[in-house]
Every structure is written in structure tokens, then in C-alpha cells.
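Below is the file protein-v3.csv, which contains CSV, C-alpha atoms.
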chain,number,residue,atom,x,y,z
D,1,MET,CA,51.5,118.8,70.1
D,2,ASN,CA,54.3,121.4,69.8
D,3,ILE,CA,54.2,122.3,73.5
D,4,ALA,CA,54.4,118.6,74.4
D,5,LEU,CA,57.5,118.1,72.2
D,6,LYS,CA,59.2,121.1,73.8
D,7,LEU,CA,58.5,119.8,77.3
D,8,LEU,CA,59.7,116.3,76.4
D,9,PRO,CA,63.5,116.9,77.3
D,10,LEU,CA,62.4,118.4,80.6
D,11,GLY,CA,60.2,115.4,81.2
D,12,ILE,CA,63.0,113.0,80.5
D,13,PHE,CA,65.3,115.0,82.8
D,14,VAL,CA,62.7,114.9,85.6
D,15,VAL,CA,62.4,111.1,85.3
D,16,ILE,CA,66.2,110.5,85.3
D,17,ALA,CA,66.6,113.0,88.2
D,18,GLY,CA,64.0,111.1,90.1
D,19,PHE,CA,65.8,107.8,89.7
D,20,LEU,CA,69.1,109.4,90.7
D,21,TYR,CA,67.6,111.0,93.8
D,22,LYS,CA,66.2,107.7,94.9
D,23,GLY,CA,69.6,106.2,94.3
D,24,LEU,CA,71.2,108.6,96.7
D,25,ALA,CA,69.1,107.1,99.5
D,26,LEU,CA,70.0,103.5,98.7
D,27,ASP,CA,72.8,101.9,100.7
D,28,PRO,CA,75.0,99.6,98.6
D,29,SER,CA,76.4,97.9,101.7
D,30,LYS,CA,72.9,96.5,102.4
D,31,LEU,CA,72.5,94.0,99.6
D,32,PRO,CA,69.1,92.5,98.9
D,33,SER,CA,69.3,88.8,99.3
D,34,PRO,CA,68.7,86.5,96.3
D,35,LEU,CA,67.4,83.9,98.8
D,36,ILE,CA,64.2,85.7,99.5
D,37,ASP,CA,61.2,83.5,98.6
D,38,LYS,CA,63.5,80.6,97.8
D,39,ILE,CA,63.9,77.4,99.8
D,40,ALA,CA,66.5,78.0,102.5
D,41,PRO,CA,69.9,76.3,102.0
D,42,ALA,CA,69.9,73.0,103.8
D,43,PHE,CA,72.8,72.5,106.2
D,44,SER,CA,73.9,70.6,109.3
D,45,ALA,CA,76.2,72.0,111.9
D,46,ASP,CA,77.7,71.1,115.3
D,47,ARG,CA,76.0,72.5,118.3
D,48,LEU,CA,77.7,74.4,121.1
D,49,PRO,CA,78.6,73.4,123.8
D,50,ALA,CA,80.2,70.5,121.8
D,51,ALA,CA,78.6,67.8,123.9
D,52,GLU,CA,75.2,68.3,122.4
D,53,ASP,CA,73.9,66.7,119.1
D,54,GLN,CA,74.2,68.0,115.6
D,55,PHE,CA,71.7,70.4,114.2
D,56,ASP,CA,70.0,69.7,110.9
D,57,SER,CA,68.1,72.5,109.2
D,58,GLN,CA,65.6,70.0,107.7
D,59,SER,CA,64.3,69.4,111.2
D,60,MET,CA,63.0,73.0,111.3
D,61,ILE,CA,60.5,72.4,108.4
D,62,GLY,CA,57.0,72.9,109.8
D,63,GLN,CA,57.9,75.8,112.1
D,64,VAL,CA,58.8,79.4,111.7
D,65,TRP,CA,62.3,80.1,112.8
D,66,VAL,CA,64.9,82.9,113.0
D,67,LEU,CA,68.5,82.5,112.1
D,68,ASN,CA,70.9,85.1,113.5
D,69,ILE,CA,74.5,85.1,112.4
D,70,TRP,CA,76.8,86.6,115.1
D,71,ALA,CA,80.2,86.5,116.6
D,72,SER,CA,81.9,87.5,119.9
D,73,TRP,CA,84.4,89.7,118.0
D,74,CYS,CA,81.7,91.8,116.4
D,75,ALA,CA,80.8,95.1,118.1
D,76,PRO,CA,77.4,95.7,116.4
D,77,CYS,CA,76.4,92.2,117.8
D,78,VAL,CA,76.7,93.7,121.3
D,79,GLU,CA,74.3,96.5,120.3
D,80,GLU,CA,71.9,94.0,118.8
D,81,HIS,CA,71.9,91.4,121.6
D,82,PRO,CA,69.3,93.1,123.9
D,83,VAL,CA,66.9,93.1,120.9
D,84,LEU,CA,67.4,89.4,120.5
D,85,ASN,CA,66.8,88.8,124.2
D,86,SER,CA,63.6,90.8,123.9
D,87,LEU,CA,62.5,88.8,120.9
D,88,ALA,CA,63.1,85.5,122.7
D,89,ALA,CA,61.1,86.9,125.7
D,90,GLN,CA,58.2,88.1,123.6
D,91,ARG,CA,57.6,85.2,121.1
D,92,GLU,CA,57.8,81.4,121.2
D,93,VAL,CA,59.8,81.3,117.9
D,94,ALA,CA,62.9,79.1,117.6
D,95,LEU,CA,65.9,81.4,117.6
D,96,VAL,CA,69.0,79.8,116.0
D,97,GLY,CA,72.3,81.5,116.6
D,98,LEU,CA,75.1,80.7,114.1
D,99,ASN,CA,78.4,81.5,115.6
D,100,TYR,CA,80.4,82.7,112.6
D,101,LYS,CA,84.2,82.3,112.3
D,102,ASP,CA,84.6,82.5,116.1
D,103,VAL,CA,86.3,80.6,118.9
D,104,PRO,CA,83.6,78.5,120.7
D,105,GLU,CA,85.0,79.3,124.1
D,106,ASP,CA,84.8,83.1,123.4
D,107,ALA,CA,81.3,82.7,122.1
D,108,LEU,CA,80.1,80.9,125.2
D,109,ASN,CA,81.7,83.4,127.6
D,110,TRP,CA,80.1,86.2,125.6
D,111,LEU,CA,76.7,84.7,126.0
D,112,ASP,CA,77.3,84.1,129.7
D,113,ARG,CA,77.9,87.8,130.0
D,114,LEU,CA,75.2,89.2,127.7
D,115,GLY,CA,72.4,86.6,128.0
D,116,ASP,CA,71.6,83.5,125.8
D,117,PRO,CA,68.3,83.9,123.8
D,118,PHE,CA,69.2,81.0,121.4
D,119,SER,CA,67.2,77.8,121.2
D,120,TYR,CA,70.1,76.3,119.2
D,121,LEU,CA,73.7,77.6,119.2
D,122,LEU,CA,75.6,76.4,116.1
D,123,ASP,CA,79.3,76.3,115.3
D,124,ASP,CA,80.5,77.8,112.0
D,125,GLN,CA,84.2,78.3,112.6
D,126,GLN,CA,85.1,78.0,108.9
D,127,GLY,CA,82.2,80.2,107.7
D,128,GLU,CA,81.0,77.4,105.3
D,129,VAL,CA,77.4,77.6,106.4
D,130,GLY,CA,77.6,81.4,106.0
D,131,LEU,CA,78.8,81.0,102.4
D,132,ASP,CA,75.7,79.1,101.5
D,133,TRP,CA,73.5,81.7,103.0
D,134,GLY,CA,75.2,84.6,101.3
D,135,VAL,CA,76.6,86.0,104.5
D,136,TYR,CA,79.1,88.8,103.9
D,137,GLY,CA,79.3,90.3,107.4
D,138,VAL,CA,77.9,90.1,110.8
D,139,PRO,CA,75.4,90.4,112.2
D,140,GLU,CA,72.7,89.2,109.8
D,141,THR,CA,69.2,87.9,110.5
D,142,PHE,CA,67.0,85.6,108.4
D,143,ILE,CA,63.4,84.6,109.0
D,144,ILE,CA,62.3,81.3,107.6
D,145,ASP,CA,58.7,80.1,107.2
D,146,LYS,CA,57.0,76.8,107.9
D,147,LYS,CA,57.7,75.6,104.4
D,148,GLY,CA,61.4,76.3,104.7
D,149,LYS,CA,61.4,79.4,102.5
D,150,VAL,CA,63.5,82.4,103.4
D,151,ARG,CA,61.0,85.3,103.8
D,152,PHE,CA,63.2,88.1,105.2
D,153,LYS,CA,66.8,89.1,105.6
D,154,HIS,CA,68.2,91.9,107.7
D,155,VAL,CA,71.7,93.1,107.2
D,156,GLY,CA,73.4,94.7,110.2
D,157,PRO,CA,72.2,94.9,113.8
D,158,LEU,CA,68.5,94.7,114.5
D,159,ALA,CA,67.2,97.9,116.1
D,160,PRO,CA,64.3,97.9,118.5
D,161,GLU,CA,62.2,99.7,115.9
D,162,ASP,CA,63.0,96.9,113.4
D,163,LEU,CA,61.8,94.4,116.0
D,164,GLU,CA,58.6,96.2,116.7
D,165,ASN,CA,57.7,97.3,113.2
D,166,ILE,CA,59.0,94.5,111.0
D,167,VAL,CA,60.1,91.3,112.8
D,168,LEU,CA,57.2,90.8,115.3
D,169,PRO,CA,54.4,91.5,112.8
D,170,LEU,CA,56.1,89.2,110.2
D,171,LEU,CA,56.5,86.4,112.8
D,172,ASP,CA,52.8,86.8,113.7
D,173,GLU,CA,51.8,86.7,110.1
D,174,LEU,CA,53.9,83.6,109.3
D,175,ALA,CA,52.7,81.8,112.5
D,176,VAL,CA,49.2,81.5,111.0
D,177,GLU,CA,50.2,80.4,107.6
D,178,ALA,CA,49.7,76.8,106.7
D,179,ALA,CA,52.8,74.5,106.9
O,1,MET,CA,91.0,90.1,128.2
O,2,GLN,CA,88.9,89.1,125.2
O,3,ASN,CA,90.8,88.4,122.0
O,4,LEU,CA,89.9,91.2,119.6
O,5,THR,CA,91.5,89.9,116.5
O,6,LEU,CA,89.1,90.5,113.7
O,7,LYS,CA,88.2,87.2,112.1
O,8,GLY,CA,85.6,88.5,109.7
O,9,CYS,CA,83.7,91.6,108.8
O,10,CYS,CA,81.4,93.7,110.9
O,11,HIS,CA,78.3,95.3,109.4
O,12,SER,CA,79.4,98.5,111.1
O,13,GLN,CA,83.1,99.4,110.5
O,14,GLU,CA,82.8,102.5,112.6
O,15,ALA,CA,81.6,100.6,115.6
O,16,CYS,CA,84.3,98.0,115.1
O,17,GLN,CA,87.0,100.6,114.8
O,18,ARG,CA,85.8,102.6,117.8
O,19,HIS,CA,85.9,99.5,119.9
O,20,LEU,CA,89.4,98.5,118.8
O,21,LEU,CA,91.0,101.9,118.8
O,22,SER,CA,89.8,103.0,122.2
O,23,THR,CA,92.8,101.3,123.7
O,24,ASN,CA,95.1,101.8,120.8
O,25,LEU,CA,98.3,103.7,121.3
O,26,ILE,CA,98.4,105.1,117.8
O,27,VAL,CA,95.1,107.0,118.4
O,28,ARG,CA,96.7,108.7,121.5
O,29,LEU,CA,99.8,109.5,119.5
O,30,VAL,CA,97.8,111.1,116.7
O,31,HIS,CA,95.9,113.2,119.2
O,32,MET,CA,99.2,114.4,120.6
O,33,ASN,CA,100.9,115.3,117.4
O,34,PRO,CA,99.1,114.7,114.1
O,35,SER,CA,101.6,116.1,111.7
O,36,PHE,CA,104.4,113.9,113.0
O,37,VAL,CA,102.3,110.8,112.6
O,38,VAL,CA,101.1,111.9,109.1
O,39,SER,CA,104.6,112.4,107.8
O,40,PHE,CA,105.8,109.2,109.4
O,41,LEU,CA,102.9,107.3,107.8
O,42,LEU,CA,103.6,108.9,104.4
O,43,LEU,CA,107.3,107.8,104.6
O,44,LEU,CA,106.1,104.3,105.5
O,45,VAL,CA,103.8,104.2,102.6
O,46,VAL,CA,106.5,105.3,100.2
O,47,ALA,CA,108.9,102.7,101.5
O,48,VAL,CA,106.3,99.9,101.3
O,49,VAL,CA,105.3,100.8,97.7
O,50,ALA,CA,108.9,101.1,96.6
O,51,PHE,CA,109.7,97.6,97.8
O,52,THR,CA,106.4,95.8,96.8
O,53,PRO,CA,107.1,93.3,94.0
O,54,LEU,CA,104.9,94.2,91.0
O,55,ASN,CA,103.7,90.7,90.5
O,56,ALA,CA,102.3,90.2,94.0
O,57,LYS,CA,99.8,87.4,94.3
O,58,ALA,CA,96.1,87.9,95.1
O,59,ALA,CA,96.1,89.8,98.4
O,60,ASP,CA,99.5,88.4,99.3
O,61,GLU,CA,98.5,84.8,99.2
O,62,VAL,CA,100.5,82.3,97.2
O,63,VAL,CA,98.2,79.8,95.6
O,64,ASN,CA,99.5,76.8,93.8
O,65,PHE,CA,97.8,75.0,91.0
O,66,GLU,CA,98.9,71.8,89.2
O,67,GLU,CA,97.5,72.9,85.9
O,68,PRO,CA,98.6,76.2,84.4
O,69,ALA,CA,95.1,76.5,82.7
O,70,HIS,CA,93.5,76.4,86.1
O,71,LYS,CA,95.9,79.1,87.4
O,72,GLU,CA,95.0,81.4,84.5
O,73,MET,CA,91.3,80.8,85.0
O,74,TYR,CA,91.6,81.5,88.7
O,75,GLN,CA,93.4,84.8,88.1
O,76,ALA,CA,91.0,85.8,85.4
O,77,LEU,CA,87.9,85.0,87.4
O,78,LEU,CA,89.0,86.7,90.6
O,79,LYS,CA,89.2,90.0,88.8
O,80,GLU,CA,85.6,89.6,87.7
O,81,TYR,CA,84.0,89.2,91.1
O,82,ARG,CA,83.3,92.0,93.5
O,83,CYS,CA,84.3,91.8,97.1
O,84,LEU,CA,81.0,92.4,98.8
O,85,LYS,CA,82.5,94.0,101.9
O,86,CYS,CA,85.1,96.2,100.3
O,87,GLN,CA,82.9,96.9,97.4
O,88,ASN,CA,85.3,98.9,95.3
O,89,GLN,CA,87.8,96.0,95.1
O,90,ASN,CA,87.6,92.7,93.3
O,91,LEU,CA,88.4,89.3,94.9
O,92,TRP,CA,91.9,89.4,93.5
O,93,ASP,CA,92.8,92.6,95.5
O,94,SER,CA,90.7,92.4,98.6
O,95,ASN,CA,92.2,91.5,102.0
O,96,ALA,CA,88.8,91.0,103.6
O,97,SER,CA,88.4,87.6,105.2
O,98,LEU,CA,85.2,86.9,103.2
O,99,ALA,CA,87.2,87.4,100.0
O,100,GLY,CA,89.7,84.8,101.3
O,101,ASP,CA,86.9,82.3,101.9
O,102,LEU,CA,85.5,82.9,98.4
O,103,ARG,CA,88.9,82.6,96.8
O,104,ARG,CA,89.3,79.2,98.5
O,105,GLU,CA,85.9,78.1,97.4
O,106,ILE,CA,86.5,79.2,93.8
O,107,LYS,CA,89.9,77.5,93.7
O,108,GLY,CA,88.2,74.3,94.9
O,109,GLN,CA,85.6,74.6,92.2
O,110,ILE,CA,88.1,75.3,89.4
O,111,VAL,CA,90.1,72.2,90.4
O,112,ALA,CA,86.9,70.2,90.5
O,113,GLY,CA,86.4,71.2,86.8
O,114,LYS,CA,83.5,73.7,87.1
O,115,SER,CA,83.2,76.2,84.3
O,116,LYS,CA,83.0,80.0,84.6
O,117,SER,CA,79.2,80.0,84.3
O,118,ASP,CA,78.9,77.3,87.0
O,119,ILE,CA,81.0,79.5,89.4
O,120,ASP,CA,79.0,82.6,88.3
O,121,ASP,CA,75.8,80.7,89.2
O,122,TYR,CA,77.2,79.7,92.5
O,123,LEU,CA,78.1,83.2,93.5
O,124,VAL,CA,75.0,84.9,92.1
O,125,SER,CA,72.6,82.5,93.8
O,126,ARG,CA,74.1,83.5,97.1
O,127,TYR,CA,75.0,87.1,96.7
O,128,GLY,CA,73.0,88.4,93.7
O,129,GLU,CA,74.0,89.8,90.4
O,130,PHE,CA,75.9,92.6,92.1
O,131,VAL,CA,78.8,90.2,92.8
O,132,LEU,CA,79.6,90.1,89.0
O,133,TYR,CA,81.5,93.1,87.6
O,134,ARG,CA,79.9,92.3,84.3
O,135,PRO,CA,76.3,91.4,85.1
O,136,ARG,CA,74.6,88.8,82.9
O,137,LEU,CA,71.9,89.9,80.5
O,138,ASN,CA,68.5,88.9,81.8
O,139,THR,CA,65.2,90.7,82.4
O,140,LYS,CA,66.4,92.3,85.6
O,141,THR,CA,69.6,93.7,84.2
O,142,ALA,CA,68.2,94.6,80.8
O,143,ILE,CA,67.6,98.2,81.7
O,144,LEU,CA,71.2,98.5,82.9
O,145,TRP,CA,72.6,97.1,79.6
O,146,ILE,CA,70.2,98.7,77.1
O,147,GLY,CA,69.4,101.9,78.9
O,148,PRO,CA,72.4,103.9,77.7
O,149,PHE,CA,71.8,102.9,74.1
O,150,VAL,CA,68.2,103.9,74.3
O,151,LEU,CA,69.1,107.3,75.7
O,152,LEU,CA,71.7,107.8,73.0
O,153,PHE,CA,69.2,106.9,70.3
O,154,ALA,CA,66.6,109.2,71.8
O,155,GLY,CA,69.2,112.0,71.9
O,156,LEU,CA,70.3,111.5,68.3
O,157,ALA,CA,66.6,111.3,67.2
O,158,THR,CA,65.9,114.6,69.0
O,159,VAL,CA,68.9,116.3,67.3
O,160,PHE,CA,67.9,114.9,63.9
O,161,PHE,CA,64.3,115.9,64.4
O,162,MET,CA,65.1,119.4,65.5
O,163,ALA,CA,67.6,119.9,62.6
O,164,HIS,CA,64.9,118.7,60.2
O,165,ARG,CA,62.4,121.1,61.7
O,166,LYS,CA,64.8,124.0,61.5
O,167,SER,CA,65.6,123.5,57.9
O,168,LYS,CA,61.9,123.1,57.1
O,169,SER,CA,61.1,126.3,58.9
O,170,ALA,CA,64.0,128.0,57.3
O,171,ALA,CA,62.4,127.1,53.9
O,172,ASP,CA,59.1,128.5,55.2
O,173,ASP,CA,60.9,131.7,56.4
O,174,ALA,CA,62.6,132.1,53.1
O,175,SER,CA,59.2,132.0,51.2
O,176,TYR,CA,57.7,134.3,53.8
O,177,GLU,CA,60.6,136.7,53.4
O,178,ALA,CA,60.3,136.7,49.6
O,179,ALA,CA,56.6,137.5,49.9
O,180,ASP,CA,57.4,140.3,52.4
O,181,ASP,CA,60.0,141.7,50.1
O,182,ALA,CA,57.5,141.7,47.3
O,183,CYS,CA,54.9,143.5,49.5
O,184,ASP,CA,57.5,146.0,50.6
O,185,ASP,CA,58.5,146.7,47.1
O,186,ARG,CA,54.9,147.4,46.1
O,187,ALA,CA,54.3,149.5,49.2
O,188,VAL,CA,57.4,151.5,48.7
O,189,SER,CA,56.4,152.3,45.2
O,190,GLU,CA,52.9,153.4,46.2
O,191,ASP,CA,54.2,155.6,49.0
O,192,GLU,CA,56.8,157.0,46.7
O,193,LEU,CA,54.2,157.9,44.1
O,194,GLN,CA,52.1,159.7,46.7
O,195,PHE,CA,55.2,161.4,48.1
O,196,THR,CA,56.5,162.6,44.7
O,197,ASP,CA,53.0,163.8,44.0
O,198,LYS,CA,52.8,165.8,47.1
O,199,LEU,CA,56.3,167.1,46.5
O,200,ALA,CA,55.4,168.2,43.1
O,201,LYS,CA,52.3,170.0,44.4
O,202,ALA,CA,54.3,171.7,47.1
O,203,ARG,CA,56.9,172.9,44.7
O,204,ALA,CA,54.2,174.2,42.4
O,205,LEU,CA,52.6,176.1,45.3
O,206,LEU,CA,56.0,177.6,46.4
O,207,LYS,CA,56.8,178.7,42.9
O,208,GLU,CA,53.6,180.8,42.8

What do you get writing this file as C-alpha cells?
Amino acid sequence: MNIALKLLPLGIFVVIAGFLYKGLALDPSKLPSPLIDKIAPAFSADRLPAAEDQFDSQSMIGQVWVLNIWASWCAPCVEEHPVLNSLAAQREVALVGLNYKDVPEDALNWLDRLGDPFSYLLDDQQGEVGLDWGVYGVPETFIIDKKGKVRFKHVGPLAPEDLENIVLPLLDELAVEAA
Amino acid sequence: MQNLTLKGCCHSQEACQRHLLSTNLIVRLVHMNPSFVVSFLLLLVVAVVAFTPLNAKAADEVVNFEEPAHKEMYQALLKEYRCLKCQNQNLWDSNASLAGDLRREIKGQIVAGKSKSDIDDYLVSRYGEFVLYRPRLNTKTAILWIGPFVLLFAGLATVFFMAHRKSKSAADDASYEAADDACDDRAVSEDELQFTDKLAKARALLKE
């Protein structure tokens, strides 16, 4: 009993040190999303090019879809774009691109240059849709399931490893879930 | 040439800055003569600080309210919310474009009559508790709020407990010492008797 008491301060120190050590590895710029496992915010937006119809997020219920927030002025989006092209080539999933606080003409030129993997390209020049989704920078990527719940958020550019190890397996898993 | 004016925030400032500065004259100037540029910049900073009015509005915006109560609420609230991009600044100070969007949204909500807890809910449901400088007390933040007091209590309890043990063992030591002293006294007197005996015998032998 005596030995246990003497070791107690050391034990407390080890526990606290363990938490602090873990904390060193956490990145505060990658905030966890409070939207995970909640119903995705409903929104409607204009499609680009402007001649096409409006997009309504409610119409996506019943299918798994990916929302990618990007902009032509964003350098990491250039890094990420080949990964999105690869995703569109490998899976049938609907890839919705939200063009955030950008000039539509710049966005379309950018896609002409780098490839257009998007099933729907949406216009969010004021950033209002982004506000509802808790977007605080670009790029960000969300995966939404058939019931309309947000299941995954990735902050920052998607790396090829993220695609292989996280996104593709999750999309496959969600594809077999009931609607 | 593509318009590179930053409209929002990149999730990789280094990449953004590399991209922008690669054609930037200032970078070339710094490479040529760093100390000149540094002293020029210092002078510029001093000049700007000297002439900045002390009651500058939030991030240099002038925001008008019809009701003074709304204006006070706006100023008070902005200082309680974290700018998620420039995370060591609040929404009052931050120049990030997201901060500007949130300021506009908050102004709209205040004018529409929402309360502080409504606006807190709005922000937390989108950005998480981290957006509040004073997180609300719920199961997730309980450790954050109560933890320091628990540790303080544990520390005080330890100190109290050890002090109590020390005084208790001091009492034990005192009684042991008293017993030792008693033993020593007895032992000394026995030895002394034997010694004085031997001494007496030795003297007797020498005298003969």
C-alpha cells in the first residue's frame, strides 16, 4: 500500500505526460467537423455554366455523393485536382464541386486546363453555402451517405494515399448500405 | 494572366505564398539585401503604429447599427469568437475573409433579434466548440473546465496527507527515541559498572 502511494505522483505525471505528448501530434488547423453523423445542411445553388438548372441538395438523397469545395485562386487545389480526376475515373459516385468565393469565368478556365471531374459544378461566390457547411478554408471534401448524413470530412488537399486508404474504401462501404 | 487576388483562405498558406511570391519583386529585393529591407520594414511598422487611431473598428471596417445596444452586443460578441483560420485572433481583430463573412452574418442575426446563445449555437453547430473562446459546459468540455480544479484538489490532498503522515511518524520517532535513550542510559550504567570494576581490579593489581 505504501509503495503504491509513493508511486502515485509518478503515475499521475505519466498519465498527464501521455496526454500532452498526444497533443503535440494534433494539428489545430484541422478542426473536426461537428457535422459528422448529422444530416447534411440542405442548400440550393446555381450551376455553372450559368445556363444550366439549379442544384438542390435534397435531390441527392438516396445516393452516396462527394462534395468538394475548391477555388481557382487556391494553390493546394491544383495539387489535389489529379486525385479528384482519379476518383471520378475509378468510381461512379457523384462528385459535386462547390466553387467557393471565386469568379465563374476563372473557375471554368481552370477546369478546362486541369480537367473537369465534377458531375455538378456549383456557384458559391458569396460563400453562403460554405458557411452552412462549416467551411473555413479551401480545399475541403465531404462524403455524404444515402440517407443524407455527413460521414466524413477532409480538411486540406486530398493526397493519393487518402484516396486509396480512406475515401475509396468508405465509398465502397457506403455504396452497400441501405438508403 | 490569372487573377491571383486571394478571395479566401487556403488550407496551405505555404503553398499559397510560394505561388504568389515566386513572381514578387519584394522577394527578389530581400534576397539581394536583407538588412536594408528589414530596416525599411521596421521603419514602416513604426510609422503605421504611430498613426493608427486607437479606436480602430473591427479589422478596419466601419459597421453601422441603428440601435446602440446592437452595436455593443456586436462588439462584445466578436471578441468571444475565434477566427478559425488565424486561430490566435478573435473575429474583432482578424482580417481573414472568413472572419469578414462571419461578422456580416453575426451582424444580420443581431439586427434580426437573435440572442447570444442563438448565435453561439449557430457557430458551434457549424464549427464546433472550438470557435468559442469560453466553451460552454457540457459533457464534452467538462474535463476542460473541471480538470484543473480536480488536479488542484488532488495536490492539496497529497500535501495534507503527507504532512499528516510526517507529524504522525514524528510522534512515533519521538517515542522510539525516548525508548532508545532509556535503553542507552541502562546500557551505559551497566558498562560503566563493569568498567569501574575492571579499573578497580587493575589498580589493585598494580599497587601490589

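With all atoms listed in the file as the atoms that count, the residue of D:Pro76, D:Gly115, D:Pro169, D:Gly23 with the shortest distance to chain O is D:Pro76.
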
What's the separation between atom CA of Asp46 of chain D and atom CA of Gln63 of chain D, in Å to one decimal place? 20.6 Å

Quick one: distance from atom CA of Lys71 of chain O to atom CA of Glu105 of chain O in Å, one decimal?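 Pair atom CA of Lys71 of chain O / atom CA of Glu105 of chain O returns 14.2 Å.
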
Residue list for chain D near chain O as a PyMOL selection string, 6 Å, all atoms listed in the file: chain D and resi 34+73-75+134+137-138+156

Between atom CA of Leu78 of chain O and atom CA of Tyr136 of chain D, what is the distance, to one decimal in Å?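 These two atoms are separated by 16.7 Å.
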
For Lys116 of chain O: contacts at 9 Å, all atoms listed in the file, fewer than 3 positions along chain excluded, given as a ChimeraX atom specification: /O:73,77,110,119-121

The selected residues should be written to file as a PDB file, in the coordinates of the input (atoms: C-alpha atoms).
ATOM      1  CA  MET O  73      91.300  80.800  85.000  1.00  0.00           C
ATOM      2  CA  LEU O  77      87.900  85.000  87.400  1.00  0.00           C
ATOM      3  CA  ILE O 110      88.100  75.300  89.400  1.00  0.00           C
ATOM      4  CA  ILE O 119      81.000  79.500  89.400  1.00  0.00           C
ATOM      5  CA  ASP O 120      79.000  82.600  88.300  1.00  0.00           C
ATOM      6  CA  ASP O 121      75.800  80.700  89.200  1.00  0.00           C
TER       7      ASP O 121
END

When distances are computed from all atoms listed in the file, which of D:Phe19, D:Leu84, D:Phe13, D:Ala45 shows the smallest separation from Asn68 of chain D?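 Once distances to Asn68 of chain D are computed over all atoms listed in the file, the minimum belongs to D:Leu84.
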